[in-house]
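Notes follow once the structure below has been shown.
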Amino acid sequence: MKLQSYLLGAWWEGEGEGVPIRDAATGEEIARVTAGGLPLKEAVAHGREVGGKGLLALGFQERGRRLRALAQYLSERKEVLYRLYATTGGTRRDAWYDVDGGIGVLYAYASLARTLPEGNLLPEEDYLPLSKDLSFQGRHVLGPKGGITLQVNAFNFPVWGLLEKFAPAFLAGVPTLVKPATPTAHVAEALARMMLESGLLPEGSLQFVAGGLGDALEALDYRDSLYFTGSKATADQLRRHPAFLERGAHFNAETDSLNAAILGEGAGEEELLRLAEEIAQELTIKSGQRCTAIRRVLVPEGRLQDLLEATQARLAPLRLGDPREEGVDLGPLASSAQKEEVEAAVAALRKAGAQVYWQHEGRRDGAFFPPTLLLARDPWKEALHRVEPFGPVATFFPYRTREEALRLARMGGGMLVATLATLDLEEARFFLQGLSGEVGRLHLLNRHDAHTSTGHGSPLPRLLHGGPGRAGGGEELGGLLSVKRHLSRLALQGDPKTLQSLLSEYAKGAETPAQVHPFRKHYEELAVGETLTTHRRTVTEADIAFFAHLSWDHFYAHTDELAAQKSLFGKRVAHGYFVLAAAAGLFVDPAPGPVLANYGLEGLRFTEPVAAGDTLQARLTVKAKRPRDERTGVVEWAVEVVNQEGKTVASYTLLTLVARKGAS
């Protein structure tokens, strides 16, 4: 059977015999992969023209809803992927990390979408006044690039790898062309079929090629991106392609790295045992075939033996075997070729001076490789920090001082992640400063977080995944950060009314007086820039005294006349929260209506003191709005409180839940 590719709205079969995919445990041929003769260059244009148009017709909010629906659709069918996963050498737990982890990314970005506008433009920062009368303003905006994202994935995570790149691109409105690694391409194909059969993806927003890239790179230009996961050698080769050097396409690489785990000098016995568990887990999950796995373990000389023995004790009882068999903890590597690469890497490390401290007694036939602990008593040999066995192998290095540990960690040349096990805050600060340019994620492990930590090797959707140097220099995930990387940033200049209309967010100077109290309007009826200017209220001594009594806030600046005269204000002043409450009293319409609840406030600032005798007035402006669900929307109100001189005494953004029209 040949795997098929989905391009130009149809499934295609490539020409030629192709490359075989074999069951990792049995060696049986499962399928063949070839992209010979496929219209890949045309697929890039199809993604831009058809997929891009379909995605931009939806907007951030609808794309987020579809991501959630897609996550639910895949969750109901994941058992199919679990069964197929065993052919890759993965256990049920391995499948959970890949399949459920990938679906979890979809859910995370679906939730993130609820914070975004309805359209396809994402304003950044605040408006910048460029003239005194505010008739000319500027703002940074993120908008569509008009290109596609080509993702090239590694063999170890055929589901998570596809979905973690797809989710932010889809949410940003960018179509995706997926090229999986051959050894596990059959799992990725099954996933792609499910996604397309869901009916949730606009045509052209997801295309899939099983096999080589063909002439796809020739079609990429400055509008497009390539997100690559794999070896550093392949990434370095791709970087030199004219698509990136000459035509300006964006290249993001996440490559294998020699990630470190450091047992700090300030670690107690609990930290040592927990780190041993962490190391054993990293060698067990996916049989150590993870780009984030622990490869180097740096240990104080006096505790080296203890950590080695504790790690060995956790690995020894594990059973190696076919993942379809009951009670199996570790499956084989992805292929016999992968086993040969791990064997060669271990041989290179031994030649450089490492010795085998312990090796599991389990299976060694076929693609099986047993968990192995290496010990480098002389940690300073460069080759020990340059060779990576991409399997269940970790090398232990002794150090004498934390300065030595930092130097050893840096010898890896850049890491995706490092774990530091310590209770000592000063030691944590030392390594944070020393490793900030060496690692993409620093995992601090101690007895306080050990029971809740997601672990060294688990990238999270809302946190950055990537790292400098050998790790590729790329950045994936990171929540909104990854969505922004798929968009184009520009500086937009113009008059406030035009900017407000284009960005659907209030620009000062573009107010429209409210003809009806805004609290009497449903979500759909409210217009950005609509402004209510309230009646006035004069603050009295009694107001200040009563608020102090009511709130129990008897701070001297509000209640002690003599002390207040020596204060920053030179007199007694009203509580800031009294001003906040008074403003609400000025602008709130008390009768039942579409405004359902106060959802919170942001950016509160008290900019001028308010004293007895001052007169307050509030301006309430619709700042922005976004739907929350079918019944309600979130409305942001710009609130400005001014005194009798027209000076702003307080400003903030109020959020309310407002009923949608027709909602019961």
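Chain identifiers are assigned as A, B, and so on, following the order in which chains appear in the structure tokens; residues are numbered from 1 within each chain, and ligands are numbered from 1 in order of appearance.
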
Report the closest atom pair, with its distance in Å rounded to one decimal, for each residue of stretch 66-171 of chain A that has an atom no farther than 9 Å from stretch 13-34 of chain A; count only C-alpha atoms, sort by chain and then rising residue number, and write it as JSON lines.
```
{"residue": "A:Ala86", "atom": "CA", "partner": "A:Asp23", "partner_atom": "CA", "distance": 8.3}
{"residue": "A:Thr87", "atom": "CA", "partner": "A:Asp23", "partner_atom": "CA", "distance": 4.8}
{"residue": "A:Thr88", "atom": "CA", "partner": "A:Ala24", "partner_atom": "CA", "distance": 5.3}
{"residue": "A:Gly89", "atom": "CA", "partner": "A:Ala24", "partner_atom": "CA", "distance": 5.1}
{"residue": "A:Gly90", "atom": "CA", "partner": "A:Ala24", "partner_atom": "CA", "distance": 8.8}
```

(Q) Which residues are near A:Asp495? Cut-off 12 Å, only C-alpha atoms, ignore same chain within fewer than 6 positions. Put them as number ranges by chain. (A) A: 127-131, 133-139, 501-502, 507-510

Proximity check stretch 475-535 of chain A to stretch 619-626 of chain A, 9 Å, nearest pairs one decimal Å, only C-alpha atoms, as a tab-separated table:
```
residue	atom	partner	partner_atom	distance
A:Ser504	CA	A:Ala624	CA	6.5
A:Glu505	CA	A:Ala624	CA	5.0
A:Tyr506	CA	A:Lys623	CA	4.6
A:Ala507	CA	A:Lys623	CA	8.1
A:Glu511	CA	A:Thr621	CA	7.6
A:Thr512	CA	A:Thr621	CA	8.8
A:Ala514	CA	A:Thr621	CA	9.0
A:Pro518	CA	A:Val622	CA	8.4
A:Tyr523	CA	A:Lys625	CA	8.1
A:Leu526	CA	A:Val622	CA	7.4
A:Ala527	CA	A:Val622	CA	6.7
A:Val528	CA	A:Val622	CA	4.9
A:Gly529	CA	A:Val622	CA	5.3
A:Glu530	CA	A:Val622	CA	5.5
A:Thr531	CA	A:Thr621	CA	4.2
A:Leu532	CA	A:Leu620	CA	5.1
A:Thr533	CA	A:Arg619	CA	4.6
A:Thr534	CA	A:Arg619	CA	6.4
```

Q: Enumerate, as a PyMOL selection string, the complete set of residues in stretch 124-321 of chain A that a backbone-based DSSP assignment places in alpha helix (DSSP H).
A: chain A and resi 160-172+185-197+232-239+242-245+269-284+304-315

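Checking A:His554, A:Trp12, A:Ala612, A:Tyr107 one by one against A:Glu541, counting only C-alpha atoms, you find the shortest gap at A:Ala612.
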
Q: Write out as a list in words each polymer residue whose atoms come within 10 Å of A:Leu122, counting only C-alpha atoms; drop sequence neighbours fewer than 4 positions from it.
A: Phe60, Leu116, Pro117, Glu118, His140, Val141, Leu142, Gly143, Pro144, Ala172, Lys484, Leu487, Ser488, Arg489, Leu503 and Ser504 of chain A

Preceding selection exported with N, CA and C atoms as a PDB file, in the first residue's frame:
```
ATOM      1  N   PHE A  60     -10.582  35.450  13.681  1.00  0.00           N
ATOM      2  CA  PHE A  60      -9.962  34.784  14.835  1.00  0.00           C
ATOM      3  C   PHE A  60     -10.972  33.981  15.649  1.00  0.00           C
ATOM      4  N   LEU A 116      -9.075  37.227  21.484  1.00  0.00           N
ATOM      5  CA  LEU A 116      -8.697  37.943  20.267  1.00  0.00           C
ATOM      6  C   LEU A 116      -9.897  38.648  19.646  1.00  0.00           C
ATOM      7  N   PRO A 117      -9.650  39.598  18.749  1.00  0.00           N
ATOM      8  CA  PRO A 117     -10.758  40.295  18.076  1.00  0.00           C
ATOM      9  C   PRO A 117     -11.514  39.341  17.144  1.00  0.00           C
ATOM     10  N   GLU A 118     -12.577  39.857  16.546  1.00  0.00           N
ATOM     11  CA  GLU A 118     -13.390  39.039  15.645  1.00  0.00           C
ATOM     12  C   GLU A 118     -12.806  38.945  14.243  1.00  0.00           C
ATOM     13  N   HIS A 140       0.942  49.985  16.081  1.00  0.00           N
ATOM     14  CA  HIS A 140       1.434  48.755  15.458  1.00  0.00           C
ATOM     15  C   HIS A 140       0.294  47.746  15.344  1.00  0.00           C
ATOM     16  N   VAL A 141       0.256  47.091  14.192  1.00  0.00           N
ATOM     17  CA  VAL A 141      -0.816  46.151  13.887  1.00  0.00           C
ATOM     18  C   VAL A 141      -0.214  44.889  13.283  1.00  0.00           C
ATOM     19  N   LEU A 142      -0.776  43.745  13.642  1.00  0.00           N
ATOM     20  CA  LEU A 142      -0.403  42.481  13.026  1.00  0.00           C
ATOM     21  C   LEU A 142      -1.519  42.065  12.072  1.00  0.00           C
ATOM     22  N   GLY A 143      -1.139  41.759  10.838  1.00  0.00           N
ATOM     23  CA  GLY A 143      -2.131  41.403   9.835  1.00  0.00           C
ATOM     24  C   GLY A 143      -1.687  40.217   9.000  1.00  0.00           C
ATOM     25  N   PRO A 144      -2.539  39.740   8.096  1.00  0.00           N
ATOM     26  CA  PRO A 144      -2.232  38.556   7.280  1.00  0.00           C
ATOM     27  C   PRO A 144      -1.025  38.783   6.371  1.00  0.00           C
ATOM     28  N   ALA A 172      -4.063  31.973  13.257  1.00  0.00           N
ATOM     29  CA  ALA A 172      -3.593  33.211  12.629  1.00  0.00           C
ATOM     30  C   ALA A 172      -4.196  33.420  11.245  1.00  0.00           C
ATOM     31  N   LYS A 484       1.431  35.360  16.658  1.00  0.00           N
ATOM     32  CA  LYS A 484       2.009  36.599  16.120  1.00  0.00           C
ATOM     33  C   LYS A 484       3.107  36.323  15.100  1.00  0.00           C
ATOM     34  N   LEU A 487       1.961  36.220  11.581  1.00  0.00           N
ATOM     35  CA  LEU A 487       1.371  37.450  11.057  1.00  0.00           C
ATOM     36  C   LEU A 487       2.466  38.442  10.703  1.00  0.00           C
ATOM     37  N   SER A 488       2.091  39.486  10.004  1.00  0.00           N
ATOM     38  CA  SER A 488       3.036  40.518   9.586  1.00  0.00           C
ATOM     39  C   SER A 488       2.791  41.797  10.382  1.00  0.00           C
ATOM     40  N   ARG A 489       3.841  42.333  10.970  1.00  0.00           N
ATOM     41  CA  ARG A 489       3.712  43.554  11.785  1.00  0.00           C
ATOM     42  C   ARG A 489       3.949  44.783  10.911  1.00  0.00           C
ATOM     43  N   LEU A 503      -9.513  49.104  12.977  1.00  0.00           N
ATOM     44  CA  LEU A 503      -9.008  48.210  14.013  1.00  0.00           C
ATOM     45  C   LEU A 503     -10.078  47.782  15.010  1.00  0.00           C
ATOM     46  N   SER A 504     -11.264  48.376  14.904  1.00  0.00           N
ATOM     47  CA  SER A 504     -12.376  48.035  15.818  1.00  0.00           C
ATOM     48  C   SER A 504     -11.973  48.210  17.274  1.00  0.00           C
TER      49      SER A 504
END
```

If you run DSSP on the backbone, which residues of stretch 31-97 of chain A are strand (DSSP E or B), as a PDB file with all heavy atoms, in the first residue's frame?
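New file selection.pdb:
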```pdb
ATOM      1  N   ALA A  31       3.630   0.063   4.741  1.00  0.00           N
ATOM      2  CA  ALA A  31       3.241   0.892   3.600  1.00  0.00           C
ATOM      3  C   ALA A  31       4.490   1.418   2.920  1.00  0.00           C
ATOM      4  O   ALA A  31       5.616   1.208   3.393  1.00  0.00           O
ATOM      5  CB  ALA A  31       2.359   2.057   4.066  1.00  0.00           C
ATOM      6  N   ARG A  32       4.276   2.093   1.804  1.00  0.00           N
ATOM      7  CA  ARG A  32       5.387   2.748   1.100  1.00  0.00           C
ATOM      8  C   ARG A  32       5.047   4.223   0.901  1.00  0.00           C
ATOM      9  O   ARG A  32       3.879   4.599   0.810  1.00  0.00           O
ATOM     10  CB  ARG A  32       5.662   2.064  -0.242  1.00  0.00           C
ATOM     11  CG  ARG A  32       6.348   0.715  -0.059  1.00  0.00           C
ATOM     12  CD  ARG A  32       6.757   0.064  -1.346  1.00  0.00           C
ATOM     13  NE  ARG A  32       7.622  -1.080  -1.049  1.00  0.00           N
ATOM     14  CZ  ARG A  32       8.952  -1.064  -1.120  1.00  0.00           C
ATOM     15  NH1 ARG A  32       9.567   0.051  -1.507  1.00  0.00           N
ATOM     16  NH2 ARG A  32       9.658  -2.134  -0.832  1.00  0.00           N
ATOM     17  N   VAL A  33       6.111   5.008   0.831  1.00  0.00           N
ATOM     18  CA  VAL A  33       5.948   6.457   0.750  1.00  0.00           C
ATOM     19  C   VAL A  33       6.683   6.990  -0.464  1.00  0.00           C
ATOM     20  O   VAL A  33       7.877   6.724  -0.652  1.00  0.00           O
ATOM     21  CB  VAL A  33       6.507   7.141   2.023  1.00  0.00           C
ATOM     22  CG1 VAL A  33       6.449   8.658   1.874  1.00  0.00           C
ATOM     23  CG2 VAL A  33       5.733   6.711   3.250  1.00  0.00           C
ATOM     24  N   GLY A  36       6.654  11.205  -5.729  1.00  0.00           N
ATOM     25  CA  GLY A  36       7.052  11.388  -7.121  1.00  0.00           C
ATOM     26  C   GLY A  36       5.916  11.887  -7.992  1.00  0.00           C
ATOM     27  O   GLY A  36       4.812  11.349  -7.981  1.00  0.00           O
TER      28      GLY A  36
END
```

(Q) Can you tell me which residues surround A:Ala542 at a distance of at most 12 Å, considering only C-alpha atoms, apart from same-chain residues fewer than 2 positions away, and format the answer as an MDAnalysis selection string? (A) chainID A and resid 538:540 544:550 558:559 574 611:613

For N, CA, C and O atoms, I'd like the residues from the last selection saved as a PDB file, in the first residue's frame.
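Final file, out-v3.pdb:
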```pdb
ATOM      1  N   THR A 538     -19.980  66.426  43.391  1.00  0.00           N
ATOM      2  CA  THR A 538     -18.975  67.104  44.210  1.00  0.00           C
ATOM      3  C   THR A 538     -18.685  66.274  45.461  1.00  0.00           C
ATOM      4  O   THR A 538     -19.598  65.858  46.172  1.00  0.00           O
ATOM      5  N   VAL A 539     -17.397  66.056  45.708  1.00  0.00           N
ATOM      6  CA  VAL A 539     -16.962  65.231  46.842  1.00  0.00           C
ATOM      7  C   VAL A 539     -17.026  66.058  48.121  1.00  0.00           C
ATOM      8  O   VAL A 539     -16.613  67.230  48.143  1.00  0.00           O
ATOM      9  N   THR A 540     -17.521  65.464  49.201  1.00  0.00           N
ATOM     10  CA  THR A 540     -17.636  66.159  50.484  1.00  0.00           C
ATOM     11  C   THR A 540     -16.767  65.485  51.546  1.00  0.00           C
ATOM     12  O   THR A 540     -16.308  64.349  51.374  1.00  0.00           O
ATOM     13  N   ILE A 544     -15.720  61.199  52.324  1.00  0.00           N
ATOM     14  CA  ILE A 544     -14.425  60.594  52.658  1.00  0.00           C
ATOM     15  C   ILE A 544     -14.518  59.863  53.994  1.00  0.00           C
ATOM     16  O   ILE A 544     -14.045  58.725  54.133  1.00  0.00           O
ATOM     17  N   ALA A 545     -15.145  60.513  54.988  1.00  0.00           N
ATOM     18  CA  ALA A 545     -15.262  59.894  56.317  1.00  0.00           C
ATOM     19  C   ALA A 545     -16.120  58.634  56.261  1.00  0.00           C
ATOM     20  O   ALA A 545     -15.787  57.606  56.862  1.00  0.00           O
ATOM     21  N   PHE A 546     -17.227  58.709  55.535  1.00  0.00           N
ATOM     22  CA  PHE A 546     -18.121  57.554  55.472  1.00  0.00           C
ATOM     23  C   PHE A 546     -17.460  56.384  54.735  1.00  0.00           C
ATOM     24  O   PHE A 546     -17.610  55.225  55.122  1.00  0.00           O
ATOM     25  N   PHE A 547     -16.692  56.683  53.664  1.00  0.00           N
ATOM     26  CA  PHE A 547     -16.027  55.607  52.924  1.00  0.00           C
ATOM     27  C   PHE A 547     -14.968  54.928  53.788  1.00  0.00           C
ATOM     28  O   PHE A 547     -14.802  53.705  53.738  1.00  0.00           O
ATOM     29  N   ALA A 548     -14.250  55.732  54.608  1.00  0.00           N
ATOM     30  CA  ALA A 548     -13.270  55.149  55.521  1.00  0.00           C
ATOM     31  C   ALA A 548     -13.960  54.217  56.516  1.00  0.00           C
ATOM     32  O   ALA A 548     -13.468  53.123  56.817  1.00  0.00           O
ATOM     33  N   HIS A 549     -15.112  54.653  57.016  1.00  0.00           N
ATOM     34  CA  HIS A 549     -15.863  53.829  57.967  1.00  0.00           C
ATOM     35  C   HIS A 549     -16.387  52.558  57.294  1.00  0.00           C
ATOM     36  O   HIS A 549     -16.301  51.457  57.854  1.00  0.00           O
ATOM     37  N   LEU A 550     -16.894  52.708  56.085  1.00  0.00           N
ATOM     38  CA  LEU A 550     -17.486  51.580  55.371  1.00  0.00           C
ATOM     39  C   LEU A 550     -16.425  50.556  54.956  1.00  0.00           C
ATOM     40  O   LEU A 550     -16.633  49.345  55.054  1.00  0.00           O
ATOM     41  N   HIS A 558      -6.173  59.870  54.357  1.00  0.00           N
ATOM     42  CA  HIS A 558      -7.611  60.065  54.216  1.00  0.00           C
ATOM     43  C   HIS A 558      -8.282  60.517  55.517  1.00  0.00           C
ATOM     44  O   HIS A 558      -9.365  61.100  55.471  1.00  0.00           O
ATOM     45  N   THR A 559      -7.628  60.246  56.649  1.00  0.00           N
ATOM     46  CA  THR A 559      -8.342  60.426  57.927  1.00  0.00           C
ATOM     47  C   THR A 559      -7.615  61.293  58.946  1.00  0.00           C
ATOM     48  O   THR A 559      -8.225  61.705  59.938  1.00  0.00           O
ATOM     49  N   ALA A 574      -9.376  61.979  49.098  1.00  0.00           N
ATOM     50  CA  ALA A 574     -10.310  60.852  49.029  1.00  0.00           C
ATOM     51  C   ALA A 574      -9.568  59.566  48.680  1.00  0.00           C
ATOM     52  O   ALA A 574      -8.529  59.581  48.020  1.00  0.00           O
ATOM     53  N   ALA A 611      -9.834  65.775  46.482  1.00  0.00           N
ATOM     54  CA  ALA A 611     -10.086  66.239  47.851  1.00  0.00           C
ATOM     55  C   ALA A 611     -11.532  66.698  47.981  1.00  0.00           C
ATOM     56  O   ALA A 611     -12.263  66.832  46.979  1.00  0.00           O
ATOM     57  N   ALA A 612     -11.949  66.945  49.211  1.00  0.00           N
ATOM     58  CA  ALA A 612     -13.285  67.484  49.455  1.00  0.00           C
ATOM     59  C   ALA A 612     -13.425  68.812  48.706  1.00  0.00           C
ATOM     60  O   ALA A 612     -12.519  69.655  48.737  1.00  0.00           O
ATOM     61  N   GLY A 613     -14.544  68.995  48.027  1.00  0.00           N
ATOM     62  CA  GLY A 613     -14.766  70.194  47.236  1.00  0.00           C
ATOM     63  C   GLY A 613     -14.514  69.998  45.759  1.00  0.00           C
ATOM     64  O   GLY A 613     -14.968  70.804  44.930  1.00  0.00           O
TER      65      GLY A 613
END
```

Q) Leaving out stretch 213-226 of chain A and any residue of its chain fewer than 4 positions from it, which residues lie within 9 Å of it when counting only C-alpha atoms, given as a ChimeraX atom specification? A) /A:35-45,145-152,179,209,241-244,246-253,486,488

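If only C-alpha atoms are the atoms counted, then among A:Glu475, A:Glu404, A:Glu636, A:Glu277 the closest residue to A:Ala313 is A:Glu277.
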
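For A:Val634, the non-local neighbours within 10 Å, defined as residues at least 4 positions apart in the same chain or in other chains and counting only C-alpha atoms, are Arg114, Thr115, Tyr523, Val595, Ala597, Asn598, Tyr599, Ala624, Lys625, Arg626, Pro627, Arg628, Asp629, Leu655, Thr656, Leu657, Val658, Ala659 and Arg660 of chain A.
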
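Shortest atom-to-atom contact with A:Ile279 among A:Val174, A:Ala210, A:Ala418, A:Ala188: A:Ala418, counting only C-alpha atoms.
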
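Counting only C-alpha atoms, the residue from A:Arg386, A:His575, A:Arg462, A:His186 that sits nearest to A:Pro168 is A:Arg462.
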